[in-house]
file data_2.cif (mmCIF, C-alpha atoms)
data_start
#
loop_
_atom_site.label_atom_id
_atom_site.label_comp_id
_atom_site.auth_asym_id
_atom_site.auth_seq_id
_atom_site.Cartn_x
_atom_site.Cartn_y
_atom_site.Cartn_z
CA MET N 1 109.98 -105.44 63.56
CA THR N 2 112.71 -104.49 66.04
CA GLU N 3 115.83 -106.62 65.82
CA GLN N 4 116.53 -108.52 69.03
CA VAL N 5 119.17 -107.10 71.37
CA HIS N 6 120.34 -109.77 73.84
CA GLN N 7 121.23 -108.89 77.41
CA VAL N 8 124.45 -110.90 77.24
CA ALA N 9 126.44 -112.44 74.40
CA ILE N 10 129.21 -114.94 75.14
CA VAL N 11 131.81 -115.46 72.44
CA GLY N 12 133.53 -118.84 72.80
CA GLY N 13 132.03 -122.17 73.82
CA GLY N 14 134.96 -123.59 75.77
CA VAL N 15 134.83 -124.45 79.45
CA CYS N 16 134.98 -120.78 80.51
CA GLY N 17 132.28 -119.56 78.14
CA THR N 18 129.90 -122.42 78.99
CA ALA N 19 130.57 -121.94 82.74
CA LEU N 20 129.39 -118.35 82.39
CA LEU N 21 126.29 -119.48 80.48
CA TYR N 22 125.46 -121.81 83.39
CA LEU N 23 126.02 -119.14 86.05
CA LEU N 24 123.91 -116.55 84.22
CA ALA N 25 121.07 -119.04 83.79
CA GLU N 26 121.16 -120.52 87.28
CA TYR N 27 122.13 -117.66 89.59
CA SER N 28 120.95 -114.37 88.03
CA ASP N 29 117.70 -112.83 86.85
CA ILE N 30 119.25 -112.20 83.44
CA ASN N 31 116.92 -114.05 81.07
CA ASP N 32 118.30 -113.48 77.55
CA VAL N 33 121.74 -114.90 76.76
CA VAL N 34 123.31 -116.00 73.49
CA LEU N 35 126.46 -118.11 73.19
CA ILE N 36 128.39 -117.96 69.91
CA GLU N 37 130.80 -120.77 69.02
CA LYS N 38 132.71 -121.05 65.75
CA TYR N 39 132.77 -124.86 65.69
CA ASP N 40 129.91 -127.36 65.64
CA ALA N 41 130.07 -128.27 69.35
CA VAL N 42 131.31 -126.87 72.65
CA ALA N 43 134.83 -127.45 73.96
CA THR N 44 136.45 -128.59 70.72
CA VAL N 45 139.71 -126.60 71.08
CA ASN N 46 141.74 -126.24 74.31
CA SER N 47 138.90 -127.52 76.52
CA HIS N 48 138.85 -130.85 74.68
CA GLY N 49 140.51 -133.67 76.64
CA ARG N 50 143.05 -134.26 73.86
CA ASN N 51 144.41 -130.76 74.25
CA ASN N 52 145.04 -130.36 77.98
CA SER N 53 146.40 -132.38 80.85
CA GLN N 54 142.90 -133.17 82.21
CA THR N 55 144.03 -131.94 85.62
CA LEU N 56 142.03 -130.33 88.40
CA HIS N 57 144.76 -128.06 89.74
CA CYS N 58 144.43 -127.62 93.48
CA GLY N 59 147.76 -125.94 94.32
CA ASP N 60 148.94 -128.76 96.55
CA ILE N 61 151.44 -130.50 94.26
CA GLU N 62 152.21 -127.67 91.80
CA THR N 63 155.60 -126.48 93.06
CA ASN N 64 155.55 -123.26 91.03
CA TYR N 65 152.75 -121.90 93.25
CA THR N 66 153.30 -119.78 96.33
CA LEU N 67 151.09 -120.54 99.32
CA ASP N 68 148.86 -117.54 98.55
CA LYS N 69 148.46 -118.58 94.92
CA ALA N 70 147.86 -122.20 95.94
CA ALA N 71 145.10 -121.19 98.36
CA LYS N 72 143.37 -119.21 95.59
CA VAL N 73 143.68 -122.14 93.18
CA LYS N 74 142.30 -124.50 95.82
CA ALA N 75 139.18 -122.34 96.17
CA ALA N 76 138.65 -122.38 92.38
CA ALA N 77 139.03 -126.16 92.26
CA GLU N 78 136.55 -126.62 95.11
CA MET N 79 133.93 -124.73 93.07
CA VAL N 80 134.26 -127.33 90.30
CA VAL N 81 134.03 -130.22 92.77
CA ASN N 82 130.98 -128.67 94.46
CA TYR N 83 129.28 -128.08 91.13
CA THR N 84 129.74 -131.69 89.99
CA GLU N 85 127.88 -132.92 93.08
CA THR N 86 124.71 -131.79 91.28
CA LEU N 87 125.37 -133.97 88.21
CA ALA N 88 123.79 -137.35 87.51
CA ASN N 89 126.80 -138.24 85.32
CA ARG N 90 129.44 -137.01 87.76
CA ASP N 91 131.61 -140.09 87.26
CA GLN N 92 132.02 -139.19 83.57
CA VAL N 93 133.10 -135.63 84.36
CA ILE N 94 135.42 -135.74 87.35
CA PHE N 95 137.74 -138.49 88.58
CA LYS N 96 139.62 -139.54 91.70
CA TYR N 97 143.24 -140.57 91.26
CA PRO N 98 146.08 -140.45 93.75
CA LYS N 99 148.40 -137.57 92.92
CA MET N 100 151.90 -136.63 93.98
CA VAL N 101 154.91 -134.52 93.14
CA ILE N 102 158.18 -136.40 93.42
CA GLY N 103 161.54 -134.99 94.37
CA VAL N 104 164.60 -136.84 93.04
CA GLY N 105 168.01 -136.01 94.48
CA GLU N 106 169.02 -134.22 97.67
CA ASP N 107 168.07 -130.69 96.54
CA GLU N 108 164.56 -131.57 95.40
CA CYS N 109 163.93 -133.74 98.47
CA ARG N 110 164.93 -130.87 100.75
CA GLN N 111 162.72 -128.50 98.77
CA LEU N 112 159.67 -130.77 99.13
CA ARG N 113 160.27 -131.34 102.85
CA GLU N 114 160.34 -127.58 103.40
CA ARG N 115 157.26 -127.12 101.22
CA PHE N 116 155.36 -129.73 103.21
CA GLU N 117 155.88 -127.79 106.44
CA THR N 118 154.66 -124.58 104.77
CA PHE N 119 151.63 -126.07 102.99
CA ARG N 120 150.35 -128.76 105.37
CA GLU N 121 148.11 -126.39 107.36
CA CYS N 122 146.27 -125.14 104.26
CA PHE N 123 146.21 -128.57 102.59
CA THR N 124 145.27 -130.91 105.42
CA SER N 125 145.14 -134.00 103.15
CA LEU N 126 148.74 -133.49 102.01
CA GLN N 127 151.17 -136.25 103.01
CA LEU N 128 154.94 -136.47 102.90
CA LEU N 129 155.93 -139.90 101.55
CA GLU N 130 159.32 -141.54 101.83
CA LYS N 131 160.63 -143.83 99.11
CA GLN N 132 159.08 -147.03 100.48
CA GLN N 133 155.70 -145.33 100.86
CA ILE N 134 155.90 -144.05 97.28
CA ALA N 135 156.55 -147.63 96.16
CA GLU N 136 153.32 -148.80 97.79
CA ILE N 137 151.25 -146.29 95.78
CA GLU N 138 153.30 -145.90 92.58
CA PRO N 139 155.65 -148.91 92.38
CA GLU N 140 156.97 -147.96 88.92
CA VAL N 141 158.10 -144.59 90.28
CA ALA N 142 160.11 -145.89 93.21
CA MET N 143 161.25 -149.33 92.00
CA ILE N 144 163.62 -150.71 89.37
CA ASP N 145 163.69 -154.49 88.86
CA GLY N 146 162.13 -155.12 92.26
CA GLU N 147 164.57 -152.89 94.13
CA LEU N 148 164.12 -149.32 95.37
CA ARG N 149 165.69 -146.83 92.94
CA PRO N 150 169.09 -145.60 94.16
CA GLU N 151 168.50 -141.82 94.25
CA PRO N 152 167.06 -140.06 97.27
CA CYS N 153 163.29 -139.65 96.71
CA VAL N 154 160.38 -138.13 98.58
CA ALA N 155 156.91 -137.09 97.46
CA LEU N 156 154.12 -134.79 98.50
CA ALA N 157 150.89 -136.67 97.90
CA VAL N 158 147.11 -136.42 98.15
CA LEU N 159 145.59 -139.87 97.82
CA ASP N 160 141.80 -139.58 98.00
CA GLU N 161 140.56 -136.41 96.31
CA PHE N 162 139.30 -135.48 92.86
CA SER N 163 142.29 -134.77 90.65
CA ALA N 164 141.19 -135.17 87.00
CA VAL N 165 138.48 -133.61 84.83
CA ASP N 166 137.20 -134.21 81.33
CA PHE N 167 136.72 -130.53 80.52
CA ASN N 168 134.77 -131.38 77.38
CA GLN N 169 132.21 -133.27 79.46
CA LEU N 170 132.24 -130.46 82.03
CA SER N 171 131.46 -127.92 79.31
CA GLU N 172 128.62 -130.04 77.97
CA SER N 173 127.21 -130.35 81.48
CA PHE N 174 127.22 -126.55 81.91
CA VAL N 175 125.11 -126.22 78.77
CA ALA N 176 122.76 -129.03 79.81
CA GLU N 177 122.24 -127.53 83.28
CA ALA N 178 121.68 -124.05 81.83
CA ILE N 179 119.04 -125.32 79.39
CA LYS N 180 117.14 -126.93 82.27
CA VAL N 181 116.28 -123.42 83.48
CA THR N 182 113.13 -123.17 81.36
CA ASP N 183 112.13 -119.56 82.12
CA LYS N 184 115.24 -118.20 80.37
CA GLN N 185 115.78 -117.47 76.69
CA LEU N 186 119.12 -119.10 75.95
CA GLN N 187 120.40 -119.42 72.40
CA ILE N 188 123.50 -121.22 71.16
CA HIS N 189 124.81 -120.50 67.68
CA PHE N 190 127.29 -123.11 66.47
CA ASN N 191 129.40 -122.73 63.32
CA HIS N 192 129.48 -118.96 63.75
CA HIS N 193 132.93 -117.45 63.45
CA VAL N 194 133.07 -113.96 64.98
CA GLU N 195 134.92 -111.69 62.57
CA GLU N 196 134.66 -108.44 64.50
CA ILE N 197 132.73 -106.68 67.25
CA VAL N 198 131.60 -103.08 66.84
CA GLU N 199 130.12 -100.83 69.53
CA GLN N 200 127.45 -98.43 68.33
CA ASP N 201 125.21 -96.29 70.55
CA GLY N 202 125.87 -98.49 73.59
CA ILE N 203 125.01 -101.71 71.73
CA PHE N 204 127.58 -104.27 70.62
CA ARG N 205 127.19 -105.62 67.10
CA ILE N 206 128.88 -109.03 66.74
CA HIS N 207 129.61 -109.73 63.10
CA THR N 208 129.78 -113.38 62.04
CA GLN N 209 130.07 -114.71 58.50
CA ASP N 210 126.36 -114.50 57.80
CA ARG N 211 124.66 -112.41 60.47
CA VAL N 212 124.99 -109.63 63.01
CA ILE N 213 124.11 -110.47 66.63
CA LYS N 214 123.39 -107.55 68.96
CA ALA N 215 123.89 -107.45 72.72
CA LYS N 216 124.03 -104.96 75.59
CA THR N 217 127.02 -106.76 77.13
CA VAL N 218 129.61 -109.16 75.72
CA VAL N 219 132.07 -111.58 77.32
CA VAL N 220 134.72 -112.95 74.98
CA SER N 221 136.34 -116.21 76.15
CA ALA N 222 138.12 -117.37 73.02
CA GLY N 223 141.74 -117.95 74.00
CA GLY N 224 144.21 -116.06 71.81
CA HIS N 225 141.34 -114.92 69.61
CA SER N 226 140.06 -112.84 72.55
CA LEU N 227 143.12 -110.64 72.20
CA LEU N 228 142.61 -110.41 68.44
CA LEU N 229 139.00 -109.23 68.86
CA ALA N 230 140.01 -106.82 71.63
CA GLN N 231 142.75 -105.25 69.54
CA GLN N 232 140.38 -104.83 66.60
CA MET N 233 138.34 -102.61 68.93
CA GLY N 234 141.42 -100.71 70.13
CA TYR N 235 141.77 -102.50 73.48
CA GLY N 236 144.74 -104.48 74.78
CA LEU N 237 147.19 -102.89 72.38
CA GLU N 238 149.80 -103.02 75.16
CA PHE N 239 149.81 -106.83 74.87
CA SER N 240 151.39 -109.27 72.47
CA CYS N 241 150.87 -113.02 72.37
CA LEU N 242 153.34 -115.90 72.67
CA PRO N 243 151.53 -119.16 71.82
CA VAL N 244 153.06 -122.13 73.65
CA ALA N 245 152.02 -125.56 72.35
CA GLY N 246 152.17 -128.68 74.48
CA SER N 247 152.70 -132.15 73.04
CA PHE N 248 152.22 -135.47 74.82
CA TYR N 249 153.49 -139.05 74.71
CA PHE N 250 151.77 -142.30 75.56
CA THR N 251 153.14 -145.33 77.38
CA PRO N 252 151.42 -148.48 78.63
CA LYS N 253 149.77 -148.02 82.02
CA VAL N 254 152.68 -147.46 84.40
CA LEU N 255 151.05 -145.04 86.86
CA ASN N 256 148.02 -145.41 89.11
CA GLY N 257 147.55 -141.66 89.41
CA LYS N 258 149.05 -138.30 88.57
CA VAL N 259 152.77 -137.87 89.18
CA TYR N 260 154.31 -134.42 88.84
CA THR N 261 157.96 -133.37 88.97
CA VAL N 262 159.47 -130.37 90.75
CA GLN N 263 159.27 -127.19 88.70
CA ASN N 264 162.51 -125.51 87.62
CA ASP N 265 162.08 -121.94 88.92
CA LYS N 266 163.96 -120.57 85.92
CA LEU N 267 161.50 -122.07 83.44
CA PRO N 268 158.14 -120.37 82.79
CA PHE N 269 156.73 -123.65 81.43
CA ALA N 270 155.08 -126.64 83.08
CA ALA N 271 157.33 -129.45 84.27
CA VAL N 272 156.77 -132.91 82.77
CA HIS N 273 154.19 -135.05 84.53
CA GLY N 274 152.43 -138.37 84.00
CA ASP N 275 148.67 -138.89 84.12
CA PRO N 276 146.14 -141.68 83.56
CA ASP N 277 144.38 -140.58 80.36
CA VAL N 278 140.64 -140.21 80.98
CA LEU N 279 139.86 -140.64 77.27
CA ILE N 280 141.98 -143.70 76.49
CA GLU N 281 141.83 -146.58 78.93
CA GLY N 282 145.01 -148.45 79.75
CA LYS N 283 147.38 -145.63 78.80
CA THR N 284 149.56 -143.24 80.75
CA ARG N 285 150.06 -139.87 79.11
CA PHE N 286 153.29 -137.93 79.73
CA GLY N 287 154.00 -134.31 78.96
CA PRO N 288 153.63 -131.58 78.11
CA THR N 289 156.53 -130.40 76.06
CA ALA N 290 156.58 -126.65 75.37
CA LEU N 291 156.97 -125.54 71.78
CA LEU N 292 156.71 -121.93 70.64
CA ILE N 293 154.56 -121.92 67.51
CA PRO N 294 153.00 -119.19 65.31
CA TYR N 295 149.43 -120.54 65.70
CA LEU N 296 146.54 -119.37 67.85
CA GLU N 297 145.10 -122.91 67.54
CA ARG N 298 147.15 -126.08 67.33
CA TYR N 299 147.08 -127.81 63.92
CA ASN N 300 145.00 -124.96 62.44
CA HIS N 301 147.14 -123.32 59.75
CA LYS N 302 144.52 -120.63 59.18
CA THR N 303 145.40 -119.10 62.56
CA VAL N 304 148.99 -118.21 61.55
CA SER N 305 147.87 -114.90 60.02
CA GLU N 306 145.79 -114.20 63.14
CA PHE N 307 148.84 -114.81 65.32
CA LEU N 308 150.89 -112.35 63.27
CA ARG N 309 148.20 -109.72 63.87
CA VAL N 310 148.32 -110.11 67.67
CA LEU N 311 152.12 -110.50 67.83
CA ARG N 312 152.52 -106.75 67.20
CA LEU N 313 156.28 -107.14 67.05
CA ASP N 314 158.23 -104.20 68.49
CA LYS N 315 161.11 -103.45 70.87
CA GLY N 316 159.10 -104.57 73.92
CA VAL N 317 158.33 -107.97 72.39
CA LEU N 318 161.91 -108.42 71.16
CA LYS N 319 163.21 -107.62 74.65
CA VAL N 320 161.01 -110.38 76.13
CA PHE N 321 162.41 -112.86 73.58
CA TRP N 322 165.94 -111.68 74.36
CA ASP N 323 165.39 -112.00 78.12
CA LEU N 324 164.05 -115.54 77.63
CA PHE N 325 166.83 -116.74 75.36
CA LYS N 326 169.71 -115.21 77.32
CA VAL N 327 168.92 -117.52 80.28
CA SER N 328 170.77 -120.75 79.52
CA ASP N 329 168.18 -123.00 81.22
CA ILE N 330 165.38 -121.48 79.11
CA ARG N 331 167.45 -121.41 75.91
CA ASN N 332 168.41 -125.06 76.24
CA TYR N 333 164.86 -126.03 77.19
CA ILE N 334 163.35 -124.28 74.15
CA PHE N 335 165.94 -125.84 71.84
CA LYS N 336 165.30 -129.30 73.29
CA ASN N 337 161.56 -128.85 72.83
CA PHE N 338 162.06 -128.10 69.15
CA LEU N 339 163.96 -131.38 68.93
CA PHE N 340 161.00 -133.10 70.62
CA GLU N 341 159.03 -132.48 67.42
CA ILE N 342 161.48 -134.36 65.18
CA PRO N 343 160.23 -137.89 64.43
CA GLY N 344 162.73 -140.56 65.41
CA LEU N 345 164.72 -138.27 67.69
CA ARG N 346 161.86 -137.08 69.86
CA ARG N 347 161.01 -140.39 71.52
CA TRP N 348 164.61 -140.96 72.56
CA LEU N 349 164.96 -137.43 73.95
CA PHE N 350 161.64 -137.51 75.78
CA LEU N 351 162.47 -140.90 77.29
CA LYS N 352 165.36 -139.28 79.16
CA ASP N 353 162.98 -136.78 80.76
CA VAL N 354 160.25 -139.25 81.59
CA GLN N 355 162.67 -141.72 83.20
CA LYS N 356 162.87 -139.27 86.09
CA ILE N 357 159.30 -140.34 86.86
CA VAL N 358 159.41 -143.99 85.76
CA PRO N 359 163.10 -145.06 85.62
CA SER N 360 162.40 -148.49 84.11
CA LEU N 361 160.69 -147.18 80.94
CA GLU N 362 162.34 -148.18 77.67
CA LEU N 363 162.24 -146.62 74.21
CA LYS N 364 159.78 -149.24 72.92
CA ASP N 365 157.30 -148.13 75.59
CA VAL N 366 157.06 -144.51 74.39
CA THR N 367 154.89 -143.34 71.46
CA PHE N 368 154.16 -139.79 70.33
CA ALA N 369 150.51 -138.82 70.93
CA LYS N 370 149.46 -137.62 67.49
CA LYS N 371 146.95 -134.76 67.41
CA PHE N 372 147.10 -134.40 71.18
CA GLY N 373 148.06 -131.09 72.74
CA GLY N 374 146.71 -127.56 72.60
CA VAL N 375 148.04 -124.02 72.66
CA ARG N 376 148.33 -121.73 75.66
CA PRO N 377 148.40 -118.10 74.56
CA GLN N 378 150.86 -116.52 77.01
CA LEU N 379 150.58 -112.75 77.01
CA ILE N 380 153.49 -110.36 76.72
CA ASP N 381 153.24 -107.02 78.51
CA LYS N 382 154.94 -104.85 75.89
CA LYS N 383 155.04 -101.75 78.08
CA ASN N 384 157.08 -103.50 80.79
CA SER N 385 158.70 -106.11 78.48
CA LYS N 386 157.45 -108.99 80.65
CA LEU N 387 155.99 -112.42 79.97
CA LEU N 388 152.75 -112.64 81.97
CA MET N 389 152.32 -116.03 83.63
CA GLY N 390 148.92 -115.62 85.26
CA GLU N 391 145.41 -115.07 83.97
CA ALA N 392 144.65 -112.09 81.75
CA LYS N 393 141.42 -110.11 81.44
CA ILE N 394 140.82 -106.90 79.49
CA ASN N 395 137.92 -104.89 80.90
CA PRO N 396 137.37 -101.44 79.40
CA ASP N 397 134.40 -100.89 81.78
CA ASN N 398 131.91 -100.35 78.97
CA GLY N 399 130.05 -103.66 78.98
CA ILE N 400 132.56 -105.86 77.14
CA VAL N 401 135.16 -108.14 78.73
CA PHE N 402 137.91 -110.16 77.06
CA ASN N 403 139.34 -113.27 78.76
CA MET N 404 142.60 -114.69 77.48
CA THR N 405 144.54 -117.29 79.41
CA PRO N 406 142.84 -118.42 82.62
CA SER N 407 145.21 -119.64 85.30
CA PRO N 408 145.35 -122.49 86.11
CA GLY N 409 143.56 -123.44 82.93
CA GLY N 410 140.11 -125.00 83.03
CA THR N 411 140.21 -125.39 86.82
CA SER N 412 139.42 -121.69 87.19
CA CYS N 413 136.40 -121.80 84.82
CA LEU N 414 133.74 -121.23 87.48
CA GLU N 415 135.83 -118.77 89.48
CA ASN N 416 136.49 -116.71 86.35
CA ALA N 417 132.86 -117.01 85.28
CA GLU N 418 131.73 -115.71 88.67
CA VAL N 419 133.88 -112.61 88.18
CA ASP N 420 132.24 -112.07 84.78
CA LEU N 421 128.78 -112.80 86.21
CA ARG N 422 129.29 -109.98 88.69
CA LEU N 423 130.67 -107.58 86.08
CA VAL N 424 127.79 -108.22 83.68
CA SER N 425 125.12 -108.11 86.40
CA GLU N 426 126.43 -104.82 87.76
CA TYR N 427 126.49 -103.29 84.29
CA LEU N 428 122.93 -104.42 83.53
CA GLY N 429 121.57 -103.73 87.01
CA ALA N 430 120.68 -107.41 87.35
CA THR N 431 120.31 -109.39 90.58
CA ILE N 432 122.39 -112.42 91.63
CA ASP N 433 120.95 -115.13 93.87
CA GLU N 434 123.80 -114.93 96.38
CA GLU N 435 122.35 -117.46 98.79
CA LYS N 436 121.98 -120.14 96.12
CA LEU N 437 125.45 -119.38 94.72
CA GLN N 438 127.00 -119.84 98.16
CA GLN N 439 125.03 -123.00 98.91
CA VAL N 440 125.93 -124.79 95.68
CA LEU N 441 129.39 -123.57 94.69
CA HIS N 442 131.01 -122.18 97.85
CA LYS N 443 129.75 -124.48 100.58
#
call {"tool": "encode", "arguments": {"input": "data_2.cif", "output": "structure tokens"}}
result
Amino acid sequence: MTEQVHQVAIVGGGVCGTALLYLLAEYSDINDVVLIEKYDAVATVNSHGRNNSQTLHCGDIETNYTLDKAAKVKAAAEMVVNYTETLANRDQVIFKYPKMVIGVGEDECRQLRERFETFRECFTSLQLLEKQQIAEIEPEVAMIDGELRPEPCVALAVLDEFSAVDFNQLSESFVAEAIKVTDKQLQIHFNHHVEEIVEQDGIFRIHTQDRVIKAKTVVVSAGGHSLLLAQQMGYGLEFSCLPVAGSFYFTPKVLNGKVYTVQNDKLPFAAVHGDPDVLIEGKTRFGPTALLIPYLERYNHKTVSEFLRVLRLDKGVLKVFWDLFKVSDIRNYIFKNFLFEIPGLRRWLFLKDVQKIVPSLELKDVTFAKKFGGVRPQLIDKKNSKLLMGEAKINPDNGIVFNMTPSPGGTSCLENAEVDLRLVSEYLGATIDEEKLQQVLHK
């Protein structure tokens, strides 16, 4: 009996891996796909709602995006919105909240006014709000004790669009929709930890703890572990990994929607923002902090040794650390974020940051969100001694692809999966239903 060789194997059952499963099932004539996930369900790591900011990034209020980048992000977000139109349980997957980025002080207000003029043509729903208008939508942001806060304030806002996603529910929906395609052979192997991948005679042998799964093509979407598996095969050796963990804090409900702050251009980390938590009713979640940790998965001590293997410490990596720490804004930010992890001190420190968004918050209102927050594996380009801030994909052009950090996070799941769909289909000589793809996801 000949052992089965799948057309495609997907390693990693997060939102990117499951998005690819859906696209292969729904929009290609590829009929034999296996998804391999090391835990007992999809989306249990960074795609779980506890471990991300639950945000559909559209590029409109993220001040670290250029107009070109924002337009690309907007297109990726629209694919997710278009996809969810097909779902019976759409209201459990994607959510409408008002969203805004606030500028506090003369410099930030000027920056947002200039940004509005640049972005308003691409983002036609974007509004520039003055302080009184902010107060009508987010009273806790603009008011203190019934009076408008004293500092100059403006906001860029979008008030009636989808802005939040439960990426766990989104991942589960991708699997459910894929399984509905009954003429395909789709297999999902849970509780299978991939230990290594070996190429032999044009076939990839995926070794798990108790079996070997064979496939003609492989797409690895496993966060920092993608780099580990790539380097085991001799690919991506020019990269190192800097895992950045984000922690969150809860307060009572003080915001009606998402409120972002202006990004510090000198900091390669997300600015603090406040969001209604889609998992816990009646709470506002603030964060993230940014803590450098030696883990490929948050709270998983077993991944420390795996991190050390992908760190590949050398002069290029040390230069990146030196370049980060010699900038006073970054050095102080990293030090403060270490202090954010100290019980007792962290709430008081974080309160100072979050009062920029809600000035009336008091210490008693802030609690640390235990077991919330994931890890973003930022890549280091060792050859050029640079921290890479965008998405990263290793494609040796031999039928295997490794995805590391998608940018901006889960929002780009379908966009990234479409890229992989095309790579895999071209390699296998498969056909894509372009008309259907355009009608459903790109309309």
call {"tool": "atom_distance", "arguments": {"input": "data_2.cif", "atom1": "atom CA of Lys216 of chain N", "atom2": "atom CA of Ala230 of chain N"}}
result
16.6 Å
call {"tool": "resolve_selection", "arguments": {"input": "data_2.cif", "expression": "the PyMOL selection byres ((chain N and resi 408-417) around 6)", "output": "PyMOL selection string"}}
result
chain N and resi 16+19-20+56+76-77+406-407+418-421
call {"tool": "write_last_selection", "arguments": {"input": "data_2.cif", "atoms": "C-alpha atoms", "output": "compact mmCIF listing (two decimals), in the frame of the given file"}}
result
# COMPACT_ATOMS: atom_id res chain seq x y z
CA CYS N 16 134.98 -120.78 80.51
CA ALA N 19 130.57 -121.94 82.74
CA LEU N 20 129.39 -118.35 82.39
CA LEU N 56 142.03 -130.33 88.40
CA ALA N 76 138.65 -122.38 92.38
CA ALA N 77 139.03 -126.16 92.26
CA PRO N 406 142.84 -118.42 82.62
CA SER N 407 145.21 -119.64 85.30
CA GLU N 418 131.73 -115.71 88.67
CA VAL N 419 133.88 -112.61 88.18
CA ASP N 420 132.24 -112.07 84.78
CA LEU N 421 128.78 -112.80 86.21
call {"tool": "resolve_selection", "arguments": {"input": "data_2.cif", "expression": "the PyMOL selection byres ((chain N and resi 394) around 8)", "output": "list of chain:residue names"}}
result
N:Ala230, N:Tyr235, N:Gly236, N:Ala392, N:Lys393, N:Asn395, N:Pro396, N:Val401, N:Phe402, N:Asn403
call {"tool": "closest_atom_pairs", "arguments": {"input": "data_2.cif", "of": "segment 267-338 of chain N", "to": "segment 347-356 of chain N", "cutoff": "8 Å", "atoms": "only C-alpha atoms", "output": "JSON lines"}}
result
{"residue": "N:Val272", "atom": "CA", "partner": "N:Val354", "partner_atom": "CA", "distance": 7.3}
{"residue": "N:His273", "atom": "CA", "partner": "N:Val354", "partner_atom": "CA", "distance": 7.9}
{"residue": "N:Phe286", "atom": "CA", "partner": "N:Val354", "partner_atom": "CA", "distance": 7.3}
call {"tool": "resolve_selection", "arguments": {"input": "data_2.cif", "expression": "the PyMOL selection byres ((chain N and resi 119) around 12)", "output": "CSV table (one decimal) with C-alpha atoms, in the coordinates of the input"}}
result
chain,number,residue,atom,x,y,z
N,59,GLY,CA,147.8,-125.9,94.3
N,60,ASP,CA,148.9,-128.8,96.6
N,61,ILE,CA,151.4,-130.5,94.3
N,62,GLU,CA,152.2,-127.7,91.8
N,63,THR,CA,155.6,-126.5,93.1
N,65,TYR,CA,152.8,-121.9,93.2
N,66,THR,CA,153.3,-119.8,96.3
N,67,LEU,CA,151.1,-120.5,99.3
N,68,ASP,CA,148.9,-117.5,98.6
N,69,LYS,CA,148.5,-118.6,94.9
N,70,ALA,CA,147.9,-122.2,95.9
N,71,ALA,CA,145.1,-121.2,98.4
N,74,LYS,CA,142.3,-124.5,95.8
N,112,LEU,CA,159.7,-130.8,99.1
N,113,ARG,CA,160.3,-131.3,102.8
N,114,GLU,CA,160.3,-127.6,103.4
N,115,ARG,CA,157.3,-127.1,101.2
N,116,PHE,CA,155.4,-129.7,103.2
N,117,GLU,CA,155.9,-127.8,106.4
N,118,THR,CA,154.7,-124.6,104.8
N,120,ARG,CA,150.4,-128.8,105.4
N,121,GLU,CA,148.1,-126.4,107.4
N,122,CYS,CA,146.3,-125.1,104.3
N,123,PHE,CA,146.2,-128.6,102.6
N,124,THR,CA,145.3,-130.9,105.4
N,125,SER,CA,145.1,-134.0,103.2
N,126,LEU,CA,148.7,-133.5,102.0
N,127,GLN,CA,151.2,-136.2,103.0
N,128,LEU,CA,154.9,-136.5,102.9
N,156,LEU,CA,154.1,-134.8,98.5
N,157,ALA,CA,150.9,-136.7,97.9
call {"tool": "closest_residue", "arguments": {"input": "data_2.cif", "among": "N:Val104, N:Gln439, N:Asp32, N:Asn168", "to": "Val278 of chain N", "atoms": "all atoms listed in the file"}}
result
N:Asn168
call {"tool": "decode", "arguments": {"input": "data_2.cif", "residues": "segment 81-87 of chain N", "atoms": "N, CA, C and O atoms", "output": "tab-separated table (two decimals), in the first residue's frame"}}
result
chain	number	residue	atom	x	y	z
N	81	VAL	N	-13.69	41.74	6.00
N	81	VAL	CA	-15.08	42.21	6.08
N	81	VAL	C	-15.94	41.53	5.02
N	81	VAL	O	-17.04	41.05	5.31
N	82	ASN	N	-15.42	41.47	3.79
N	82	ASN	CA	-16.18	40.83	2.70
N	82	ASN	C	-16.42	39.36	3.00
N	82	ASN	O	-17.52	38.84	2.76
N	83	TYR	N	-15.42	38.68	3.50
N	83	TYR	CA	-15.57	37.26	3.83
N	83	TYR	C	-16.67	37.05	4.87
N	83	TYR	O	-17.50	36.14	4.73
N	84	THR	N	-16.70	37.88	5.90
N	84	THR	CA	-17.66	37.65	6.99
N	84	THR	C	-19.10	37.87	6.55
N	84	THR	O	-20.03	37.42	7.23
N	85	GLU	N	-19.30	38.52	5.41
N	85	GLU	CA	-20.67	38.68	4.89
N	85	GLU	C	-21.30	37.32	4.59
N	85	GLU	O	-22.53	37.19	4.55
N	86	THR	N	-20.48	36.31	4.38
N	86	THR	CA	-20.99	34.98	4.03
N	86	THR	C	-21.37	34.17	5.27
N	86	THR	O	-21.92	33.07	5.14
N	87	LEU	N	-21.09	34.68	6.47
N	87	LEU	CA	-21.24	33.89	7.69
N	87	LEU	C	-22.59	34.09	8.36
N	87	LEU	O	-23.05	35.23	8.52
